[in-house]
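What follows is one structure encoded as structure tokens, with my remarks underneath.
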Amino acid sequence: HTQLKPFPKDFFWGASTSAYQVEGAWNEDGKGPSVIDMREKYPERTTDYKVASDHYHLYQEDVRLMAEMGFKAYRFSIAWTRIIPNGTGEVNPKGLEFYNNLINELIENKIEPIVTMYHFDLPYALQARGGWSNRETIDAFVKYAKVLFDNYGDRVKYWLTINEQNMMIMHGKALGTLDPNLEDPDRELYQQNHHMLVAQAKAMDVCHQMLPQALIGPAPNISYIYPASSKPEDILAAQSFNSIRNWLYLDAAVYGRYNKTAWSFLEEKGYVPTIVEGDMEILKNAKPDFIAFNYYTSKTVEASNGEGNDKNNTGDQEIVIGEAGVYKGHNNPNLPKNEFGWEIDPIGFRTTLREVYDRYQLPIIITENGLGAFDKVEEDGTVRDPYRIDYLKKHLEQMQLAITDGVEVFGYCPWSAIDLISTHQGAKKRYGFIFVDREEFDLKELRRIPKQSFYWYKEVIASNGEKL
Ligand code: BG6
């Protein structure tokens, strides 16, 4: 393109976090335990989530720093277990109060709250009764959703249902939401998936009924799948994996139907979920107002050779679904990798944006994108992260190209606003614009230090993306 389209006026420049990764205060003020809190094991030499970045106590300072960067939006998640400690019973006034305060603080600072209703941290009390394997969890989610709409709907206009439902299914065995002793865990995952799809649809519907002004959408992790070569078998494998990993979730959310290619995979593997009467109508009748998605990298696959498990190649985050036969992960020789083995692919971001918009024609907001790295405080007290600036700048350039291509994007909330505990490598893997001075096991003073990327992003926002 010779002539780039500018970023839209009123674009939501911001960043993201999730409750369990940033808040800490895991058992304070009546909060119930979540599946995250009850995890027995963490990856070796990594911390738990008990204190995290202590955002629960330091949120005012954090919001002040976000305002200083010029944030127009902040995407955070509400911990279900603060609002309804046992998942479905009593509402906890102290939990309601915390998010009331946070939302008010944001609004005072002219920052639009964008709320994820559920980001991995299912109430443990529900898990103990089967979690998403149990259909009753659908009702618990809808009840929780109503409490949120009732209490925050006067101030929160943008809602996200479930964070990365597709990753919860594909990493299901790792997230503590699946009983490993089940006879057929893979089939069970797709049963859980179906229940989550119904829960999401019901929540979208209730949102539209209760809050006619509000907008709601799903928030999966979407990355376009490349074939390893132009061999027809590889193209077919990539097409299958695109359907299984991406379109299964978005077709269900937007069109209320199961993607055919993904469905035939479920049939072939014997993973077809039980669908009760009325479920498909519920899916059909609910419509999202926009699509939010998280993007870190593209993926490349080749045809399966039929041996062993077919794995995907996301460095530290291996995805294993079922047995061999569909696709095989492939390292893309054209892409550099970050320190954790994740491929870096800004052009893939443009491709993914185009593809999602072509398929669904709904406005898009990016709710995660970012670079995990081992940042450190220099002797002069600064934190220099040019590698993160480089990553974000290249992705923003490609996003602007996608906007120029005609894709409707209304916001960019990279991961993460402030340093938090990563899902896989504890505190040492950092993503934030704001450094949180703690170590894996030594909490120090949790002092906030704006990184070099903080000042860079501030300029980006002030110029509405003209100065990248
Ligand atoms: C996304 C999640 O999968 O990726 C976040 O929504 C997570 O919760 C992020 O932190 C990065 O993954 P990780 O393992 O590097 O923290």
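Residue numbering restarts at 1 for every chain of the structure tokens, chains are lettered A, B, ... in their displayed order, and ligands are numbered from 1 as they appear.
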
Subject >> Contacts to ligand 1 at 7 Å cut-off (only C-alpha atoms and all ligand atoms) as a PyMOL selection string >> reply: chain A and resi 18+163-164+167+372+421-425+429

Quick one: which region 45-82 of chain A residues come within 8 Å of region 405-418 of chain A, and what is the nearest atom pair for each with the distance in Å to one decimal, counting only C-alpha atoms, rows ordered by chain and ascending number, as a Markdown table?
| residue | atom | partner | partner_atom | distance |
| --- | --- | --- | --- | --- |
| A:Asp62 | CA | A:Ile418 | CA | 7.8 |
| A:Met66 | CA | A:Ala417 | CA | 7.5 |
| A:Ala73 | CA | A:Cys413 | CA | 7.7 |
| A:Tyr74 | CA | A:Cys413 | CA | 7.2 |
| A:Arg75 | CA | A:Cys413 | CA | 6.8 |

Subject >> Every residue of region 65-188 of chain A that DSSP places in helix (DSSP H, G or I), as a PyMOL selection string >> reply: chain A and resi 65-69+80-83+93-108+124-127+131-133+136-152+165-170+185-188

**OP:** Show which residues sit within 9 Å of region 253-260 of chain A, as a PyMOL selection string. Count only C-alpha atoms, and ignore same-chain residues fewer than 2 positions away.
**Re:** chain A and resi 197+200-201+217-218+243-244+247-251+262-265+280-289+291+360

Original post:
In terms of the shortest atom-to-atom distance over only C-alpha atoms, which of A:Glu397, A:Gly278, A:Leu58, A:Phe435 is closest to Glu466 (chain A)?
Top reply: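 Going through A:Glu397, A:Gly278, A:Leu58, A:Phe435 one by one, the smallest distance to Glu466 (chain A) is for A:Glu397.
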
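In this model, the gap between CA of Ala373 (chain A) and CA of Trp13 (chain A) comes to 22.1 Å.
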